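As provided, model28.cif (mmCIF, C-alpha atoms) reads as follows.
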```cif
data_coords
#
loop_
_atom_site.label_atom_id
_atom_site.label_comp_id
_atom_site.auth_asym_id
_atom_site.auth_seq_id
_atom_site.Cartn_x
_atom_site.Cartn_y
_atom_site.Cartn_z
CA MET V 3 8.15 -10.40 -14.84
CA PRO V 4 10.46 -9.60 -11.88
CA VAL V 5 14.17 -9.61 -12.70
CA PRO V 6 16.15 -12.64 -11.46
CA ALA V 7 17.29 -12.43 -7.87
CA ASN V 8 20.97 -12.35 -8.89
CA ASN V 9 20.35 -9.09 -10.76
CA ARG V 10 19.14 -7.30 -7.63
CA PRO V 11 21.28 -5.02 -5.48
CA PRO V 12 22.48 -6.93 -2.42
CA ALA V 13 20.09 -6.69 0.54
CA VAL V 14 21.58 -4.69 3.40
CA LYS V 15 20.45 -6.01 6.76
CA VAL V 16 19.18 -3.58 9.38
CA ASN V 17 20.06 -4.61 12.92
CA PRO V 18 18.26 -4.49 15.24
CA VAL V 19 14.88 -4.48 13.52
CA PRO V 20 13.52 -0.96 14.07
CA LYS V 21 10.01 -0.19 15.19
CA LEU V 22 7.92 0.06 12.04
CA VAL V 23 4.78 1.54 10.57
CA PHE V 24 3.23 -0.27 7.62
CA PHE V 25 1.14 1.96 5.36
CA HIS V 26 -1.45 -0.65 4.42
CA ILE V 27 -3.21 0.54 1.28
CA SER V 28 -6.38 -1.45 0.58
CA LYS V 29 -6.07 -4.36 -1.87
CA THR V 30 -2.29 -4.29 -2.15
CA ALA V 31 -1.69 -7.65 -0.40
CA GLY V 32 -1.27 -5.88 2.95
CA SER V 33 -3.13 -8.53 4.92
CA SER V 34 -0.85 -11.19 3.48
CA LEU V 35 2.23 -9.20 4.46
CA ARG V 36 0.93 -8.80 8.00
CA LYS V 37 0.44 -12.58 8.20
CA ALA V 38 4.03 -13.07 7.07
CA PHE V 39 5.26 -10.78 9.85
CA GLN V 40 3.16 -12.60 12.43
CA ALA V 41 4.47 -15.98 11.30
CA SER V 42 8.08 -14.82 11.56
CA PHE V 43 8.10 -12.45 14.54
CA GLY V 44 5.04 -13.57 16.51
CA HIS V 45 1.48 -12.32 16.77
CA GLU V 46 2.33 -9.89 19.55
CA TRP V 47 4.72 -8.00 17.26
CA CYS V 48 1.97 -6.75 14.96
CA SER V 49 -1.01 -4.59 15.74
CA GLU V 50 -4.39 -5.78 14.61
CA PRO V 51 -5.51 -4.22 11.33
CA PHE V 52 -7.58 -1.06 11.52
CA PRO V 53 -9.61 0.85 8.93
CA GLN V 54 -9.10 4.28 7.40
CA ALA V 55 -9.63 6.87 10.14
CA TYR V 56 -8.08 9.77 12.01
CA LEU V 57 -6.08 8.26 14.87
CA THR V 58 -6.86 9.63 18.31
CA GLU V 59 -4.27 9.87 21.07
CA ALA V 60 -5.79 6.77 22.66
CA ASP V 61 -5.57 4.91 19.35
CA ALA V 62 -1.95 5.94 18.93
CA GLN V 63 -1.00 4.76 22.41
CA TYR V 64 -2.77 1.45 21.93
CA PHE V 65 -1.30 0.61 18.52
CA GLY V 66 2.08 1.98 19.56
CA GLN V 67 2.52 -0.92 21.98
CA HIS V 68 3.34 -3.09 18.99
CA HIS V 69 6.66 -3.30 17.20
CA VAL V 70 4.95 -3.17 13.81
CA ILE V 71 1.84 -1.03 13.32
CA CYS V 72 -0.17 -2.71 10.57
CA GLY V 73 -3.22 -0.72 9.57
CA GLN V 74 -4.65 1.60 6.96
CA ILE V 75 -2.79 4.48 8.55
CA SER V 76 -2.12 7.67 6.62
CA ARG V 77 1.20 9.48 6.42
CA ALA V 78 -0.17 12.46 8.35
CA ASP V 79 -0.99 10.28 11.36
CA GLN V 80 2.40 8.55 11.18
CA ARG V 81 4.13 11.95 11.22
CA LYS V 82 1.94 13.10 14.12
CA TRP V 83 2.06 10.05 16.36
CA TYR V 84 5.06 7.97 15.28
CA PRO V 85 7.61 10.41 13.78
CA ASP V 86 10.62 8.36 14.90
CA ARG V 87 9.51 5.06 13.38
CA SER V 88 10.74 3.67 10.08
CA PHE V 89 7.98 2.90 7.61
CA PHE V 90 7.27 0.85 4.52
CA THR V 91 4.41 0.10 2.14
CA MET V 92 3.06 -2.05 -0.68
CA LEU V 93 1.87 -0.62 -3.99
CA ARG V 94 -0.16 -2.06 -6.84
CA ASP V 95 -1.15 -1.15 -10.39
CA PRO V 96 -3.87 1.45 -9.65
CA LEU V 97 -6.55 0.16 -12.01
CA GLN V 98 -6.03 -3.43 -10.92
CA ARG V 99 -6.22 -2.34 -7.29
CA CYS V 100 -9.55 -0.56 -7.82
CA LEU V 101 -11.10 -3.45 -9.73
CA SER V 102 -9.90 -5.90 -7.09
CA TRP V 103 -11.52 -3.78 -4.39
CA LEU V 104 -14.81 -3.70 -6.32
CA ASP V 105 -14.67 -7.46 -6.84
CA TYR V 106 -14.03 -7.93 -3.12
CA VAL V 107 -16.86 -5.68 -1.91
CA LEU V 108 -19.41 -6.96 -4.43
CA ALA V 109 -18.63 -10.57 -3.49
CA LEU V 110 -19.43 -10.03 0.21
CA GLU V 111 -22.86 -11.05 1.47
CA ASP V 112 -25.13 -8.31 2.76
CA LYS V 113 -25.50 -9.70 6.29
CA PRO V 114 -26.45 -7.74 9.42
CA ASP V 115 -22.83 -7.81 10.63
CA ALA V 116 -21.33 -6.91 7.25
CA PRO V 117 -19.51 -3.58 6.85
CA PRO V 118 -21.94 -0.76 5.94
CA ILE V 119 -20.26 -0.34 2.57
CA VAL V 120 -21.50 -3.78 1.53
CA HIS V 121 -25.12 -2.71 1.98
CA ILE V 122 -24.45 0.48 0.02
CA ALA V 123 -22.85 -1.50 -2.81
CA LYS V 124 -25.82 -3.84 -3.03
CA GLN V 125 -28.37 -1.02 -3.12
CA LEU V 126 -26.86 1.24 -5.77
CA PRO V 127 -25.99 0.82 -9.44
CA ILE V 128 -22.23 0.46 -9.70
CA MET V 129 -21.73 3.82 -11.42
CA GLU V 130 -23.49 5.53 -8.52
CA PHE V 131 -21.73 3.40 -5.94
CA ILE V 132 -18.22 4.38 -7.00
CA GLU V 133 -19.08 8.05 -6.46
CA THR V 134 -20.14 7.60 -2.83
CA VAL V 135 -17.87 8.92 -0.09
CA GLU V 136 -17.35 5.39 1.22
CA ALA V 137 -16.20 4.07 -2.15
CA ARG V 138 -14.09 7.08 -3.10
CA ASP V 139 -11.86 6.58 -0.06
CA ASN V 140 -10.85 3.29 -1.64
CA LEU V 141 -10.87 4.33 -5.30
CA TYR V 142 -10.07 8.01 -5.73
CA ASN V 143 -6.26 8.38 -5.90
CA THR V 144 -6.04 6.38 -2.70
CA MET V 145 -2.30 5.68 -2.79
CA THR V 146 -1.43 9.33 -3.41
CA ARG V 147 -3.74 10.63 -0.69
CA GLN V 148 -2.76 8.07 1.93
CA LEU V 149 0.99 8.47 1.39
CA GLY V 150 0.89 12.23 0.79
CA GLY V 151 -1.38 13.40 3.59
CA HIS V 152 -4.49 11.90 5.16
CA LEU V 153 -6.98 9.77 3.30
CA LYS V 154 -9.87 11.35 5.19
CA ASP V 155 -8.87 14.90 4.27
CA ASP V 156 -10.52 16.72 1.41
CA PRO V 157 -8.10 16.20 -1.51
CA ALA V 158 -8.08 19.88 -2.44
CA ASN V 159 -4.62 19.97 -4.00
CA LEU V 160 -3.60 16.62 -5.43
CA SER V 161 -0.47 18.02 -7.06
CA GLU V 162 0.97 18.93 -3.65
CA CYS V 163 -0.23 15.61 -2.27
CA LEU V 164 1.59 13.83 -5.09
CA ASP V 165 4.85 15.58 -4.24
CA ARG V 166 4.48 14.62 -0.58
CA ALA V 167 3.69 11.02 -1.54
CA LYS V 168 6.88 10.86 -3.61
CA TYR V 169 8.85 12.13 -0.62
CA THR V 170 7.24 9.47 1.58
CA LEU V 171 8.21 6.73 -0.86
CA GLU V 172 11.78 8.04 -1.06
CA LYS V 173 12.00 7.72 2.73
CA CYS V 174 10.52 4.22 2.92
CA LEU V 175 12.66 1.46 4.38
CA TRP V 176 11.22 -0.82 1.70
CA ILE V 177 8.55 -0.74 -0.99
CA GLY V 178 6.88 -3.86 -2.30
CA ARG V 179 4.51 -4.59 -5.14
CA ALA V 180 1.48 -6.84 -5.02
CA GLU V 181 2.39 -8.04 -8.51
CA ALA V 182 5.71 -9.44 -7.24
CA PHE V 183 4.63 -10.31 -3.72
CA ASP V 184 6.63 -13.49 -3.11
CA GLU V 185 9.91 -12.12 -4.43
CA ASP V 186 9.57 -8.72 -2.80
CA VAL V 187 8.69 -10.17 0.60
CA ALA V 188 11.65 -12.55 0.41
CA TYR V 189 13.88 -9.53 -0.19
CA LEU V 190 12.35 -7.70 2.78
CA GLY V 191 13.16 -10.76 4.86
CA LYS V 192 16.82 -10.39 3.94
CA VAL V 193 16.75 -6.72 4.92
CA LEU V 194 15.23 -7.59 8.31
CA GLY V 195 17.30 -10.73 8.77
CA ARG V 196 14.27 -12.99 9.09
CA ASP V 197 12.55 -15.59 6.95
CA LEU V 198 9.31 -13.96 5.86
CA THR V 199 7.27 -16.81 4.47
CA SER V 200 4.66 -15.72 1.93
CA ILE V 201 1.18 -16.33 3.32
CA ARG V 202 -1.82 -15.30 1.25
CA ASP V 203 -4.71 -13.78 3.19
CA ASN V 204 -7.88 -11.86 2.30
CA VAL V 205 -7.42 -12.65 -1.38
CA THR V 206 -10.37 -11.81 -3.62
CA PRO V 207 -11.72 -15.27 -4.56
CA LYS V 208 -12.76 -14.42 -8.10
CA ARG V 209 -11.20 -11.72 -10.22
CA THR V 210 -13.23 -10.24 -13.05
CA PRO V 211 -11.09 -9.60 -16.16
CA ILE V 212 -10.94 -5.97 -17.22
CA ALA V 213 -12.67 -6.82 -20.50
CA GLU V 214 -15.74 -8.00 -18.57
CA TRP V 215 -16.23 -4.75 -16.67
CA PRO V 216 -18.43 -2.07 -18.30
CA PRO V 217 -16.20 0.19 -20.43
CA ARG V 218 -17.91 3.23 -18.89
CA LEU V 219 -16.86 2.05 -15.43
CA VAL V 220 -13.25 1.41 -16.45
CA SER V 221 -13.09 4.83 -18.08
CA ARG V 222 -14.39 6.54 -14.95
CA LEU V 223 -11.94 4.64 -12.74
CA GLN V 224 -9.07 5.72 -14.98
CA GLU V 225 -10.13 9.32 -14.37
CA MET V 226 -10.27 8.68 -10.63
CA ILE V 227 -6.75 7.24 -10.48
CA GLU V 228 -4.93 9.92 -12.48
CA TYR V 229 -2.54 10.77 -9.64
CA ASP V 230 -2.18 7.17 -8.49
CA SER V 231 -1.09 6.30 -12.02
CA ARG V 232 1.49 9.06 -11.81
CA ILE V 233 2.87 7.83 -8.48
CA TRP V 234 2.92 4.24 -9.76
CA ASN V 235 4.85 5.19 -12.89
CA TRP V 236 7.17 7.54 -11.00
CA THR V 237 8.02 4.83 -8.48
CA HIS V 238 8.74 2.37 -11.27
CA TRP V 239 11.12 4.67 -13.14
CA GLU V 240 12.64 6.83 -10.40
CA LEU V 241 12.97 4.40 -7.51
CA PHE V 242 13.05 1.04 -9.26
CA GLY V 243 15.20 2.30 -12.12
CA GLY V 244 12.65 1.27 -14.73
CA ARG V 245 13.04 -2.37 -13.77
CA ASN V 246 10.99 -4.68 -11.58
CA GLN V 247 13.54 -4.44 -8.83
CA VAL V 248 13.02 -4.29 -5.07
CA LEU V 249 14.49 -1.31 -3.28
CA THR V 250 17.49 -1.36 -1.03
CA PRO V 251 16.85 0.49 2.27
CA LEU V 252 17.16 4.22 1.65
CA SER V 253 19.97 4.70 4.15
CA LYS V 254 22.10 2.15 2.31
CA ARG V 255 21.37 3.23 -1.27
CA LYS V 256 24.19 4.72 -3.25
CA LYS V 257 23.43 7.57 -5.59
CA SER V 258 24.66 6.85 -9.06
CA LYS V 259 27.16 9.37 -10.40
CA LYS V 260 26.17 10.83 -13.73
CA LYS V 261 28.95 10.88 -16.30
CA LYS V 262 29.83 14.28 -17.63
CA LYS V 263 29.23 14.75 -21.29
CA SER V 264 32.42 15.22 -23.20
#
```

Show this structure as structure tokens.
Amino acid sequence: MPVPANNRPPAVKVNPVPKLVFFHISKTAGSSLRKAFQASFGHEWCSEPFPQAYLTEADAQYFGQHHVICGQISRADQRKWYPDRSFFTMLRDPLQRCLSWLDYVLALEDKPDAPPIVHIAKQLPIMEFIETVEARDNLYNTMTRQLGGHLKDDPANLSECLDRAKYTLEKCLWIGRAEAFDEDVAYLGKVLGRDLTSIRDNVTPKRTPIAEWPPRLVSRLQEMIEYDSRIWNWTHWELFGGRNQVLTPLSKRKKSKKKKKS
């Protein structure tokens, strides 16, 4: 459970609201956060969502017209095209995120206008499906790869990617958690000086409990999220202080002084 609001560090308002990049990681309540921004700042403030891809110069110019870039952008593209923008992200328990994504894809109807991945999911046994390139972009250490480099790159050295992802998170204006969405978004609103009303969007209609998934599938997913589990645990202990506490903007955080041992 999140700690009570009166136990949080005081929110430090940033003024004016800087231009922002939102690292939207799939199935971390990113669509809901975008809706909250639109409701508070106006639809023109936020870019439309966009899928995982390498951004071209034309893409960067188009999305850059918006105050808040809200898409499945990777850190490498943010550094290349928007190096001067502040950025933030939402995280989620890695296994829950993967299972939610599978629930979401498997629940979609295989219609002519459906995303290609839906057709692939319907045609293959689930153990084969999760090993496809299309699925692995959403399952295989996605948080680490997206925050530590580019999701479309070959993840040759995940240890280095993990270190870069940690650095990205340390530099974030704010980090939220899908598990504490309402509270975390309310805190972000205080930082930005706006009322960010929680609006749920693109929520998976039916969640399958972990116990109902094939054990072999869960075991394989746990192998696929080894580095995401590390970044999730590191964020919890190193940035959140081991508590369910929302971060103060990095520029306003005070480093705690360690007491010398007598």

Selection result of the PyMOL selection byres ((chain V and resi 70-76) around 6) on this file, as a PyMOL selection string: chain V and resi 22-27+47-49+51-54+68-69+77-79+148+152

When the PyMOL selection byres ((chain V and resi 86) around 12) is applied to the structure above, which residues does it catch, written out as a list in words? Pro20, Lys21, Leu22, Val23, Gly66, Gln80, Arg81, Lys82, Trp83, Tyr84, Pro85, Arg87, Ser88 and Phe89 of chain V

For Leu93 (chain V), which of V:Leu164, V:Met145, V:Ile119, V:Ala188 is the closest residue, counting all atoms listed in the file?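 Of V:Leu164, V:Met145, V:Ile119, V:Ala188, the one nearest Leu93 (chain V) is V:Met145, counting all atoms listed in the file.
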
As JSON, please report the centre and edge lengths, rounded to one decimal in Å, of the axis-aligned box that holds all listed atoms of region 162-165 of chain V with 4 Å of padding on each of the six sides.
```
{"center_x": 2.3, "center_y": 16.4, "center_z": -3.7, "size_x": 13.1, "size_y": 13.1, "size_z": 10.8}
```

Apply the PyMOL selection byres ((chain V and resi 224) around 12) to the displayed file and report the matching residues as a PDB file with C-alpha atoms, keeping the file's coordinate frame.
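The resulting selection.pdb:
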```pdb
ATOM      1  CA  ASP V  95      -1.150  -1.150 -10.390  1.00  0.00           C
ATOM      2  CA  PRO V  96      -3.870   1.450  -9.650  1.00  0.00           C
ATOM      3  CA  LEU V  97      -6.550   0.160 -12.010  1.00  0.00           C
ATOM      4  CA  GLN V  98      -6.030  -3.430 -10.920  1.00  0.00           C
ATOM      5  CA  ARG V  99      -6.220  -2.340  -7.290  1.00  0.00           C
ATOM      6  CA  CYS V 100      -9.550  -0.560  -7.820  1.00  0.00           C
ATOM      7  CA  LEU V 101     -11.100  -3.450  -9.730  1.00  0.00           C
ATOM      8  CA  LEU V 141     -10.870   4.330  -5.300  1.00  0.00           C
ATOM      9  CA  TYR V 142     -10.070   8.010  -5.730  1.00  0.00           C
ATOM     10  CA  ASN V 143      -6.260   8.380  -5.900  1.00  0.00           C
ATOM     11  CA  PRO V 217     -16.200   0.190 -20.430  1.00  0.00           C
ATOM     12  CA  ARG V 218     -17.910   3.230 -18.890  1.00  0.00           C
ATOM     13  CA  LEU V 219     -16.860   2.050 -15.430  1.00  0.00           C
ATOM     14  CA  VAL V 220     -13.250   1.410 -16.450  1.00  0.00           C
ATOM     15  CA  SER V 221     -13.090   4.830 -18.080  1.00  0.00           C
ATOM     16  CA  ARG V 222     -14.390   6.540 -14.950  1.00  0.00           C
ATOM     17  CA  LEU V 223     -11.940   4.640 -12.740  1.00  0.00           C
ATOM     18  CA  GLU V 225     -10.130   9.320 -14.370  1.00  0.00           C
ATOM     19  CA  MET V 226     -10.270   8.680 -10.630  1.00  0.00           C
ATOM     20  CA  ILE V 227      -6.750   7.240 -10.480  1.00  0.00           C
ATOM     21  CA  GLU V 228      -4.930   9.920 -12.480  1.00  0.00           C
ATOM     22  CA  TYR V 229      -2.540  10.770  -9.640  1.00  0.00           C
ATOM     23  CA  ASP V 230      -2.180   7.170  -8.490  1.00  0.00           C
ATOM     24  CA  SER V 231      -1.090   6.300 -12.020  1.00  0.00           C
ATOM     25  CA  ARG V 232       1.490   9.060 -11.810  1.00  0.00           C
TER      26      ARG V 232
END
```

To one decimal place in Å, what is the distance between CA of Leu57 (chain V) and CA of Pro118 (chain V)? 20.3 Å

In Å, rounded to a single decimal, give me how far CA of Phe90 (chain V) is from CA of Cys174 (chain V). 4.9 Å
